[in-house]
file query34.csv (CSV, C-alpha atoms)
chain,number,residue,atom,x,y,z
A,1308,MET,CA,21.9,-46.1,0.5
A,1309,THR,CA,22.3,-42.5,1.5
A,1310,VAL,CA,19.3,-40.7,3.2
A,1311,PHE,CA,18.8,-37.5,1.3
A,1312,GLU,CA,17.1,-34.3,1.9
A,1313,ARG,CA,15.3,-32.9,-1.1
A,1314,VAL,CA,18.5,-31.7,-2.9
A,1315,ARG,CA,17.9,-30.6,-6.4
A,1316,MET,CA,20.3,-31.6,-9.1
A,1317,PRO,CA,22.8,-28.8,-9.7
A,1318,SER,CA,23.1,-27.0,-13.0
A,1319,LEU,CA,25.1,-28.3,-15.9
A,1320,GLY,CA,25.7,-24.8,-17.1
A,1321,GLY,CA,29.4,-24.9,-16.2
A,1322,ALA,CA,30.2,-27.5,-19.0
A,1323,THR,CA,32.9,-26.3,-21.3
A,1324,GLY,CA,31.5,-28.4,-24.1
A,1325,TRP,CA,29.3,-31.4,-25.0
A,1326,LEU,CA,29.7,-34.6,-27.0
A,1327,ASN,CA,26.8,-36.6,-28.5
A,1328,SER,CA,24.3,-33.9,-27.6
A,1329,GLU,CA,23.4,-30.2,-27.5
A,1330,PRO,CA,23.7,-28.7,-24.0
A,1331,LEU,CA,21.1,-30.1,-21.6
A,1332,GLY,CA,19.4,-28.1,-18.9
A,1333,PRO,CA,16.2,-28.3,-16.8
A,1334,ALA,CA,13.9,-27.8,-19.8
A,1335,GLU,CA,15.4,-30.8,-21.7
A,1336,LEU,CA,15.6,-33.1,-18.6
A,1337,ARG,CA,12.2,-32.3,-17.2
A,1338,GLY,CA,10.1,-35.4,-16.7
A,1339,HIS,CA,13.1,-37.7,-17.1
A,1340,VAL,CA,15.0,-39.9,-14.6
A,1341,VAL,CA,18.7,-38.8,-14.9
A,1342,LEU,CA,21.8,-40.8,-14.1
A,1343,VAL,CA,24.9,-38.6,-13.8
A,1344,ASN,CA,28.2,-40.4,-14.1
A,1345,PHE,CA,31.4,-38.5,-13.2
A,1346,TRP,CA,34.4,-40.1,-15.0
A,1347,THR,CA,37.9,-39.4,-16.3
A,1348,LEU,CA,39.3,-41.3,-19.2
A,1349,THR,CA,42.3,-43.0,-17.6
A,1350,CYS,CA,40.5,-44.1,-14.4
A,1351,ILE,CA,40.6,-47.9,-14.3
A,1352,ASN,CA,37.7,-48.0,-11.8
A,1353,TRP,CA,35.5,-46.0,-14.3
A,1354,LEU,CA,36.6,-48.3,-17.1
A,1355,ARG,CA,35.3,-51.3,-15.2
A,1356,GLN,CA,32.1,-49.6,-14.3
A,1357,GLU,CA,31.3,-48.2,-17.8
A,1358,PRO,CA,29.9,-51.5,-19.3
A,1359,TYR,CA,27.1,-51.2,-16.7
A,1360,VAL,CA,26.4,-47.5,-17.3
A,1361,ARG,CA,26.3,-48.1,-21.0
A,1362,ALA,CA,24.0,-51.1,-20.6
A,1363,TRP,CA,21.6,-49.2,-18.4
A,1364,SER,CA,21.5,-46.3,-20.9
A,1365,GLN,CA,20.5,-48.7,-23.7
A,1366,ALA,CA,18.1,-50.8,-21.6
A,1367,TYR,CA,16.1,-48.0,-20.0
A,1368,ARG,CA,16.2,-45.0,-22.4
A,1369,ASP,CA,12.8,-45.9,-23.9
A,1370,ASP,CA,11.5,-45.9,-20.3
A,1371,GLY,CA,12.6,-42.3,-19.8
A,1372,LEU,CA,16.2,-42.7,-18.5
A,1373,VAL,CA,18.8,-40.1,-19.6
A,1374,VAL,CA,22.4,-40.9,-18.8
A,1375,ILE,CA,24.8,-38.0,-18.7
A,1376,GLY,CA,28.6,-38.6,-18.6
A,1377,LEU,CA,30.4,-35.8,-16.7
A,1378,HIS,CA,34.1,-35.9,-17.8
A,1379,THR,CA,36.1,-34.1,-15.2
A,1380,PRO,CA,39.8,-34.5,-15.9
A,1381,GLU,CA,42.3,-35.7,-13.3
A,1382,PHE,CA,45.4,-35.1,-15.3
A,1383,SER,CA,46.4,-32.1,-17.6
A,1384,PHE,CA,46.3,-34.1,-20.8
A,1385,GLU,CA,42.7,-35.2,-20.1
A,1386,HIS,CA,41.6,-31.7,-20.8
A,1387,GLU,CA,42.1,-32.3,-24.5
A,1388,ILE,CA,38.7,-32.7,-26.2
A,1389,ASP,CA,40.1,-35.1,-28.9
A,1390,ARG,CA,41.3,-37.5,-26.2
A,1391,VAL,CA,37.8,-37.4,-24.6
A,1392,ARG,CA,36.2,-37.9,-27.9
A,1393,GLN,CA,38.5,-40.9,-28.7
A,1394,ALA,CA,37.7,-42.5,-25.3
A,1395,THR,CA,34.0,-41.9,-25.9
A,1396,ASN,CA,34.2,-43.6,-29.3
A,1397,GLU,CA,36.3,-46.5,-28.0
A,1398,ARG,CA,33.9,-47.3,-25.2
A,1399,GLY,CA,30.9,-47.1,-27.5
A,1400,ILE,CA,29.3,-44.3,-25.5
A,1401,ASP,CA,26.3,-42.9,-27.3
A,1402,TYR,CA,24.7,-40.9,-24.5
A,1403,PRO,CA,25.4,-37.2,-23.8
A,1404,VAL,CA,28.8,-36.3,-22.4
A,1405,ALA,CA,29.5,-32.9,-20.7
A,1406,LEU,CA,33.0,-31.7,-20.5
A,1407,ASP,CA,33.8,-30.3,-17.1
A,1408,ASN,CA,37.3,-28.9,-17.6
A,1409,ASP,CA,36.9,-26.1,-15.1
A,1410,TYR,CA,35.5,-28.4,-12.4
A,1411,GLU,CA,32.4,-26.2,-12.1
A,1412,ILE,CA,29.9,-29.1,-12.2
A,1413,TRP,CA,32.2,-31.2,-10.0
A,1414,SER,CA,32.1,-28.4,-7.4
A,1415,ALA,CA,28.4,-27.8,-7.8
A,1416,PHE,CA,27.7,-31.5,-7.0
A,1417,ASP,CA,30.3,-31.3,-4.2
A,1418,ASN,CA,31.8,-34.5,-5.8
A,1419,ASN,CA,35.1,-36.0,-4.7
A,1420,ALA,CA,35.6,-39.2,-6.5
A,1421,TRP,CA,35.9,-41.0,-9.9
A,1422,PRO,CA,33.7,-42.7,-10.8
A,1423,ALA,CA,30.6,-41.3,-9.1
A,1424,LEU,CA,26.9,-42.0,-9.9
A,1425,TYR,CA,24.0,-39.6,-9.0
A,1426,PHE,CA,20.4,-40.8,-9.4
A,1427,VAL,CA,17.9,-38.1,-10.1
A,1428,ASP,CA,14.1,-38.4,-10.2
A,1429,THR,CA,11.7,-36.9,-12.6
A,1430,GLU,CA,11.3,-33.8,-10.4
A,1431,GLY,CA,15.1,-33.1,-10.6
A,1432,ILE,CA,15.7,-34.3,-7.0
A,1433,VAL,CA,18.9,-36.4,-6.2
A,1434,ARG,CA,17.6,-39.6,-4.7
A,1435,ASP,CA,20.8,-41.7,-4.3
A,1436,ASP,CA,24.5,-41.8,-5.1
A,1437,HIS,CA,27.3,-44.3,-5.3
A,1438,PHE,CA,31.1,-43.8,-5.5
A,1439,GLY,CA,33.5,-46.3,-7.0
A,1440,GLU,CA,32.9,-49.7,-8.5
A,1441,GLY,CA,30.4,-52.3,-7.5
A,1442,ARG,CA,26.8,-52.3,-6.1
A,1443,TYR,CA,25.6,-52.8,-9.7
A,1444,GLU,CA,22.4,-54.7,-9.1
A,1445,GLU,CA,21.3,-52.3,-6.3
A,1446,SER,CA,22.1,-49.3,-8.5
A,1447,GLU,CA,20.0,-50.8,-11.3
A,1448,ARG,CA,17.1,-51.4,-8.9
A,1449,VAL,CA,17.3,-47.7,-7.9
A,1450,ILE,CA,16.9,-46.8,-11.6
A,1451,GLN,CA,14.0,-49.1,-12.0
A,1452,ARG,CA,12.3,-47.7,-8.9
A,1453,LEU,CA,12.6,-44.1,-10.1
A,1454,LEU,CA,11.3,-45.2,-13.5
A,1455,GLY,CA,8.5,-47.2,-12.1
A,1456,VAL,CA,9.5,-50.4,-13.9
A,1457,GLU,CA,10.4,-53.9,-12.7
A,1458,ARG,CA,12.3,-56.5,-14.6
A,1459,GLU,CA,15.4,-58.7,-14.4
A,1460,PRO,CA,18.7,-56.8,-14.3
A,1461,VAL,CA,20.7,-56.5,-17.5
A,1462,SER,CA,23.4,-59.0,-18.1
A,1463,VAL,CA,26.8,-57.4,-18.3
A,1464,GLU,CA,30.3,-58.8,-19.0
A,1465,GLY,CA,33.2,-56.4,-19.2
A,1466,LEU,CA,35.9,-57.3,-21.7
A,1467,GLY,CA,39.5,-56.2,-22.1
A,1468,VAL,CA,40.2,-53.1,-20.0
A,1469,GLU,CA,36.6,-53.1,-18.9
A,1470,ALA,CA,36.9,-56.6,-17.3
A,1471,GLU,CA,36.1,-56.9,-13.6
A,1472,ALA,CA,39.1,-57.1,-11.3
A,1473,ASP,CA,40.0,-60.4,-9.8
A,1474,TRP,CA,39.3,-59.1,-6.3
A,1475,ASN,CA,40.3,-62.3,-4.5
A,1476,ASN,CA,43.8,-62.1,-5.9
A,1477,LEU,CA,44.3,-58.4,-6.3
A,1478,ARG,CA,47.5,-57.3,-4.7
A,1479,THR,CA,48.7,-54.1,-6.4
A,1480,PRO,CA,47.1,-50.8,-5.2
A,1481,GLU,CA,46.3,-48.0,-7.6
A,1482,THR,CA,49.6,-46.9,-9.1
A,1483,TYR,CA,50.3,-43.4,-10.6
A,1484,LEU,CA,52.8,-43.6,-13.4
A,1485,GLY,CA,53.8,-40.0,-13.6
A,1486,SER,CA,56.6,-38.6,-11.5
A,1487,GLY,CA,54.3,-36.0,-10.0
A,1488,ARG,CA,52.4,-38.5,-7.9
A,1489,SER,CA,54.4,-41.7,-8.0
A,1490,GLU,CA,55.5,-43.4,-4.8
A,1491,ARG,CA,58.4,-45.8,-3.8
A,1492,PHE,CA,60.2,-45.4,-7.2
A,1493,ALA,CA,62.9,-48.0,-7.0
A,1494,SER,CA,65.4,-47.0,-9.7
A,1495,ALA,CA,67.9,-44.2,-9.3
A,1496,ASP,CA,65.9,-41.0,-9.6
A,1497,GLY,CA,66.1,-38.9,-12.8
A,1498,ALA,CA,64.6,-35.8,-14.3
A,1499,PHE,CA,61.1,-36.0,-15.7
A,1500,ASP,CA,60.3,-35.2,-19.3
A,1501,GLN,CA,63.7,-36.7,-20.3
A,1502,ARG,CA,64.3,-40.1,-21.7
A,1503,ARG,CA,66.9,-42.1,-19.8
A,1504,GLY,CA,67.8,-45.6,-18.8
A,1505,TYR,CA,66.4,-47.1,-15.6
A,1506,GLN,CA,67.4,-50.3,-13.8
A,1507,LEU,CA,65.8,-52.3,-11.0
A,1508,PRO,CA,67.9,-52.4,-7.8
A,1509,ASP,CA,69.8,-55.7,-7.4
A,1510,ARG,CA,67.4,-56.8,-4.6
A,1511,LEU,CA,64.5,-56.7,-7.0
A,1512,ARG,CA,66.1,-58.2,-10.1
A,1513,SER,CA,65.1,-61.7,-11.4
A,1514,THR,CA,67.8,-64.3,-11.3
A,1515,THR,CA,66.5,-65.8,-14.6
A,1516,GLY,CA,67.3,-62.8,-16.8
A,1517,PRO,CA,67.0,-59.1,-17.3
A,1518,SER,CA,63.8,-57.4,-16.1
A,1519,PRO,CA,61.4,-56.1,-18.8
A,1520,VAL,CA,61.2,-52.8,-16.9
A,1521,SER,CA,64.9,-52.2,-17.2
A,1522,ALA,CA,64.9,-50.0,-20.3
A,1523,GLN,CA,64.7,-46.5,-21.7
A,1524,TRP,CA,61.7,-44.7,-20.1
A,1525,LEU,CA,60.3,-41.2,-20.4
A,1526,ARG,CA,59.0,-40.1,-17.1
A,1527,ARG,CA,56.4,-37.3,-17.1
A,1528,ARG,CA,54.7,-35.5,-14.3
A,1529,HIS,CA,51.3,-36.7,-15.3
A,1530,SER,CA,51.1,-40.1,-17.1
A,1531,GLY,CA,47.8,-41.5,-15.8
A,1532,SER,CA,47.3,-44.3,-13.3
A,1533,SER,CA,46.6,-48.1,-13.4

call {"tool": "encode", "arguments": {"input": "query34.csv", "output": "structure tokens"}}
result
Amino acid sequence: MTVFERVRMPSLGGATGWLNSEPLGPAELRGHVVLVNFWTLTCINWLRQEPYVRAWSQAYRDDGLVVIGLHTPEFSFEHEIDRVRQATNERGIDYPVALDNDYEIWSAFDNNAWPALYFVDTEGIVRDDHFGEGRYEESERVIQRLLGVEREPVSVEGLGVEAEADWNNLRTPETYLGSGRSERFASADGAFDQRRGYQLPDRLRSTTGPSPVSAQWLRRRHSGSS
């Protein structure tokens, strides 16, 4: 756990829009414990964290917890509000979501990662933070301590894209699909934003048949990550 000075939660006034709520500020959040969650809709790490954030929002809102999702886009297409709204609906997010298209809130928090959690007490002071997946039980205990409640942690099981990674057998690092940030692209290089055929090099081809990735592909600069 980070040892904090008394750092007050930055303003959310830089939001370019809100979903599921009117704009929230100090007056609306006064007296509440606040959990701020920075996310972006294609981030697999956020997708696997989201079931916990959603469960905490539902389990502790009657105790005074307010969860705020801060959507700060990583890729250009993630600026589109309809895409964010679709992701919010697909994930069953019913807590407030602030759109941070201009990175003003990200900069105000001096944030540098997706996903990120900031735990704020009833006086508006940031008491803890966490970056990336994991540490779920400890994070929930922080929420309980700030709320002054104590009970068994919520039971969470992520399904589909929200399922927890098989960490013991995970071999593939985060992979950027767009040409702007892809690395070690094996096929003969081609222009982005144009559909063309790609083939695996002979050394990577299966001896049992054609590779499923040998096909017509449209490479864009920004196409998310996995």

call {"tool": "residues_near_point", "arguments": {"input": "query34.csv", "point": "(16.6, -34.4, -8.7)", "cutoff": "10 Å", "atoms": "only C-alpha atoms", "output": "NGL selection string"}}
result
:A and (1313-1317 or 1337 or 1339-1342 or 1425-1435)

call {"tool": "atom_distance", "arguments": {"input": "query34.csv", "atom1": "atom CA of Arg1458 of chain A", "atom2": "atom CA of Glu1444 of chain A"}}
result
11.6 Å

call {"tool": "atom_distance", "arguments": {"input": "query34.csv", "atom1": "atom CA of Pro1380 of chain A", "atom2": "atom CA of Pro1422 of chain A"}}
result
11.4 Å

call {"tool": "atom_distance", "arguments": {"input": "query34.csv", "atom1": "atom CA of Arg1392 of chain A", "atom2": "atom CA of Ser1462 of chain A"}}
result
26.6 Å

call {"tool": "closest_residue", "arguments": {"input": "query34.csv", "among": "A:Leu1406, A:Ala1366, A:Val1461, A:Ile1351", "to": "His1386 of chain A", "atoms": "all atoms listed in the file"}}
result
A:Leu1406

call {"tool": "closest_residue", "arguments": {"input": "query34.csv", "among": "A:Gly1321, A:Pro1460, A:Gly1376, A:Gly1332", "to": "Ala1394 of chain A", "atoms": "all atoms listed in the file"}}
result
A:Gly1376

call {"tool": "axis_aligned_box", "arguments": {"input": "query34.csv", "around": "segment 1394-1406 of chain A", "padding_each_side": "3 Å", "output": "JSON"}}
result
{"center_x": 31.2, "center_y": -39.5, "center_z": -24.9, "size_x": 19.0, "size_y": 21.6, "size_z": 14.8}

call {"tool": "closest_residue", "arguments": {"input": "query34.csv", "among": "A:Asp1407, A:Glu1397, A:Asp1370, A:Glu1471", "to": "Gln1451 of chain A", "atoms": "only C-alpha atoms"}}
result
A:Asp1370

call {"tool": "decode", "arguments": {"input": "query34.csv", "residues": "segment 1440-1456 of chain A", "atoms": "all heavy atoms", "output": "mmCIF file, in the first residue's frame"}}
result
data_model
loop_
_atom_site.group_PDB
_atom_site.id
_atom_site.type_symbol
_atom_site.label_atom_id
_atom_site.label_comp_id
_atom_site.auth_asym_id
_atom_site.auth_seq_id
_atom_site.Cartn_x
_atom_site.Cartn_y
_atom_site.Cartn_z
ATOM 1 N N GLU A 1440 -4.217 -5.347 -12.817
ATOM 2 C CA GLU A 1440 -5.112 -6.350 -12.263
ATOM 3 C C GLU A 1440 -4.645 -6.779 -10.874
ATOM 4 O O GLU A 1440 -3.571 -6.407 -10.416
ATOM 5 C CB GLU A 1440 -5.158 -7.570 -13.188
ATOM 6 C CG GLU A 1440 -5.636 -7.271 -14.586
ATOM 7 C CD GLU A 1440 -5.584 -8.509 -15.480
ATOM 8 O OE1 GLU A 1440 -6.246 -9.517 -15.149
ATOM 9 O OE2 GLU A 1440 -4.857 -8.469 -16.484
ATOM 10 N N GLY A 1441 -5.467 -7.640 -10.247
ATOM 11 C CA GLY A 1441 -5.070 -8.263 -9.001
ATOM 12 C C GLY A 1441 -5.307 -7.413 -7.760
ATOM 13 O O GLY A 1441 -5.896 -6.339 -7.823
ATOM 14 N N ARG A 1442 -4.855 -7.947 -6.606
ATOM 15 C CA ARG A 1442 -4.983 -7.318 -5.296
ATOM 16 C C ARG A 1442 -6.445 -7.037 -4.953
ATOM 17 O O ARG A 1442 -6.770 -6.056 -4.271
ATOM 18 C CB ARG A 1442 -4.163 -6.026 -5.247
ATOM 19 C CG ARG A 1442 -3.680 -5.656 -3.852
ATOM 20 C CD ARG A 1442 -3.310 -4.202 -3.708
ATOM 21 N NE ARG A 1442 -4.472 -3.331 -3.695
ATOM 22 C CZ ARG A 1442 -4.484 -2.079 -3.209
ATOM 23 N NH1 ARG A 1442 -3.379 -1.549 -2.702
ATOM 24 N NH2 ARG A 1442 -5.570 -1.346 -3.233
ATOM 25 N N TYR A 1443 -7.365 -7.909 -5.392
ATOM 26 C CA TYR A 1443 -8.785 -7.611 -5.259
ATOM 27 C C TYR A 1443 -9.266 -7.637 -3.816
ATOM 28 O O TYR A 1443 -10.000 -6.738 -3.387
ATOM 29 C CB TYR A 1443 -9.598 -8.578 -6.116
ATOM 30 C CG TYR A 1443 -9.283 -8.451 -7.588
ATOM 31 C CD1 TYR A 1443 -8.769 -9.519 -8.315
ATOM 32 C CD2 TYR A 1443 -9.488 -7.237 -8.254
ATOM 33 C CE1 TYR A 1443 -8.473 -9.393 -9.659
ATOM 34 C CE2 TYR A 1443 -9.188 -7.098 -9.606
ATOM 35 C CZ TYR A 1443 -8.679 -8.182 -10.304
ATOM 36 O OH TYR A 1443 -8.367 -8.049 -11.634
ATOM 37 N N GLU A 1444 -8.872 -8.650 -3.044
ATOM 38 C CA GLU A 1444 -9.342 -8.707 -1.662
ATOM 39 C C GLU A 1444 -8.799 -7.538 -0.856
ATOM 40 O O GLU A 1444 -9.527 -6.913 -0.070
ATOM 41 C CB GLU A 1444 -8.936 -10.030 -1.015
ATOM 42 C CG GLU A 1444 -9.484 -10.170 0.400
ATOM 43 C CD GLU A 1444 -9.267 -11.544 0.997
ATOM 44 O OE1 GLU A 1444 -8.933 -12.493 0.239
ATOM 45 O OE2 GLU A 1444 -9.442 -11.682 2.219
ATOM 46 N N GLU A 1445 -7.527 -7.198 -1.053
ATOM 47 C CA GLU A 1445 -6.958 -6.067 -0.328
ATOM 48 C C GLU A 1445 -7.657 -4.773 -0.714
ATOM 49 O O GLU A 1445 -7.933 -3.919 0.150
ATOM 50 C CB GLU A 1445 -5.458 -5.965 -0.602
ATOM 51 C CG GLU A 1445 -4.784 -4.840 0.174
ATOM 52 C CD GLU A 1445 -3.295 -4.752 -0.095
ATOM 53 O OE1 GLU A 1445 -2.721 -5.725 -0.633
ATOM 54 O OE2 GLU A 1445 -2.699 -3.709 0.239
ATOM 55 N N SER A 1446 -7.961 -4.597 -2.000
ATOM 56 C CA SER A 1446 -8.662 -3.387 -2.433
ATOM 57 C C SER A 1446 -10.042 -3.301 -1.800
ATOM 58 O O SER A 1446 -10.483 -2.222 -1.374
ATOM 59 C CB SER A 1446 -8.790 -3.381 -3.961
ATOM 60 O OG SER A 1446 -7.531 -3.191 -4.578
ATOM 61 N N GLU A 1447 -10.737 -4.429 -1.719
ATOM 62 C CA GLU A 1447 -12.060 -4.410 -1.094
ATOM 63 C C GLU A 1447 -11.960 -4.092 0.391
ATOM 64 O O GLU A 1447 -12.814 -3.400 0.953
ATOM 65 C CB GLU A 1447 -12.763 -5.750 -1.304
ATOM 66 C CG GLU A 1447 -14.201 -5.738 -0.821
ATOM 67 C CD GLU A 1447 -14.997 -6.963 -1.247
ATOM 68 O OE1 GLU A 1447 -14.446 -7.793 -2.008
ATOM 69 O OE2 GLU A 1447 -16.159 -7.083 -0.826
ATOM 70 N N ARG A 1448 -10.901 -4.576 1.043
ATOM 71 C CA ARG A 1448 -10.709 -4.256 2.461
ATOM 72 C C ARG A 1448 -10.458 -2.760 2.647
ATOM 73 O O ARG A 1448 -10.871 -2.168 3.655
ATOM 74 C CB ARG A 1448 -9.547 -5.062 3.035
ATOM 75 C CG ARG A 1448 -9.784 -6.561 3.097
ATOM 76 C CD ARG A 1448 -10.987 -6.931 3.927
ATOM 77 N NE ARG A 1448 -11.133 -8.376 4.062
ATOM 78 C CZ ARG A 1448 -12.227 -8.991 4.495
ATOM 79 N NH1 ARG A 1448 -13.297 -8.262 4.847
ATOM 80 N NH2 ARG A 1448 -12.272 -10.305 4.592
ATOM 81 N N VAL A 1449 -9.766 -2.121 1.694
ATOM 82 C CA VAL A 1449 -9.575 -0.672 1.758
ATOM 83 C C VAL A 1449 -10.923 0.032 1.696
ATOM 84 O O VAL A 1449 -11.203 0.960 2.471
ATOM 85 C CB VAL A 1449 -8.655 -0.184 0.615
ATOM 86 C CG1 VAL A 1449 -8.618 1.347 0.574
ATOM 87 C CG2 VAL A 1449 -7.249 -0.746 0.770
ATOM 88 N N ILE A 1450 -11.778 -0.400 0.773
ATOM 89 C CA ILE A 1450 -13.120 0.185 0.657
ATOM 90 C C ILE A 1450 -13.876 0.023 1.971
ATOM 91 O O ILE A 1450 -14.498 0.971 2.482
ATOM 92 C CB ILE A 1450 -13.887 -0.476 -0.500
ATOM 93 C CG1 ILE A 1450 -13.236 -0.130 -1.842
ATOM 94 C CG2 ILE A 1450 -15.354 -0.049 -0.491
ATOM 95 C CD1 ILE A 1450 -13.792 -0.919 -3.014
ATOM 96 N N GLN A 1451 -13.835 -1.181 2.542
ATOM 97 C CA GLN A 1451 -14.541 -1.423 3.793
ATOM 98 C C GLN A 1451 -14.014 -0.536 4.917
ATOM 99 O O GLN A 1451 -14.790 0.023 5.709
ATOM 100 C CB GLN A 1451 -14.411 -2.898 4.179
ATOM 101 C CG GLN A 1451 -15.173 -3.854 3.270
ATOM 102 C CD GLN A 1451 -15.095 -5.287 3.752
ATOM 103 O OE1 GLN A 1451 -14.419 -5.599 4.728
ATOM 104 N NE2 GLN A 1451 -15.793 -6.179 3.067
ATOM 105 N N ARG A 1452 -12.695 -0.408 4.991
ATOM 106 C CA ARG A 1452 -12.109 0.404 6.054
ATOM 107 C C ARG A 1452 -12.528 1.868 5.922
ATOM 108 O O ARG A 1452 -12.863 2.527 6.921
ATOM 109 C CB ARG A 1452 -10.592 0.292 6.003
ATOM 110 C CG ARG A 1452 -9.898 0.978 7.177
ATOM 111 C CD ARG A 1452 -8.430 0.633 7.259
ATOM 112 N NE ARG A 1452 -7.657 1.136 6.136
ATOM 113 C CZ ARG A 1452 -7.159 0.378 5.176
ATOM 114 N NH1 ARG A 1452 -7.360 -0.928 5.164
ATOM 115 N NH2 ARG A 1452 -6.449 0.914 4.186
ATOM 116 N N LEU A 1453 -12.554 2.388 4.701
ATOM 117 C CA LEU A 1453 -12.952 3.776 4.508
ATOM 118 C C LEU A 1453 -14.435 3.985 4.802
ATOM 119 O O LEU A 1453 -14.843 5.061 5.245
ATOM 120 C CB LEU A 1453 -12.642 4.211 3.070
ATOM 121 C CG LEU A 1453 -11.151 4.279 2.697
ATOM 122 C CD1 LEU A 1453 -10.992 4.663 1.230
ATOM 123 C CD2 LEU A 1453 -10.388 5.251 3.589
ATOM 124 N N LEU A 1454 -15.235 2.937 4.565
ATOM 125 C CA LEU A 1454 -16.675 3.019 4.833
ATOM 126 C C LEU A 1454 -17.017 2.721 6.286
ATOM 127 O O LEU A 1454 -18.128 3.018 6.742
ATOM 128 C CB LEU A 1454 -17.434 2.033 3.931
ATOM 129 C CG LEU A 1454 -17.502 2.357 2.444
ATOM 130 C CD1 LEU A 1454 -18.068 1.168 1.679
ATOM 131 C CD2 LEU A 1454 -18.348 3.598 2.192
ATOM 132 N N GLY A 1455 -16.078 2.082 6.992
ATOM 133 C CA GLY A 1455 -16.357 1.697 8.374
ATOM 134 C C GLY A 1455 -17.249 0.483 8.476
ATOM 135 O O GLY A 1455 -18.045 0.364 9.426
ATOM 136 N N VAL A 1456 -17.137 -0.433 7.506
ATOM 137 C CA VAL A 1456 -17.912 -1.676 7.546
ATOM 138 C C VAL A 1456 -16.942 -2.849 7.497
ATOM 139 O O VAL A 1456 -15.783 -2.703 7.100
ATOM 140 C CB VAL A 1456 -18.915 -1.775 6.375
ATOM 141 C CG1 VAL A 1456 -19.857 -0.580 6.375
ATOM 142 C CG2 VAL A 1456 -18.186 -1.854 5.024
#
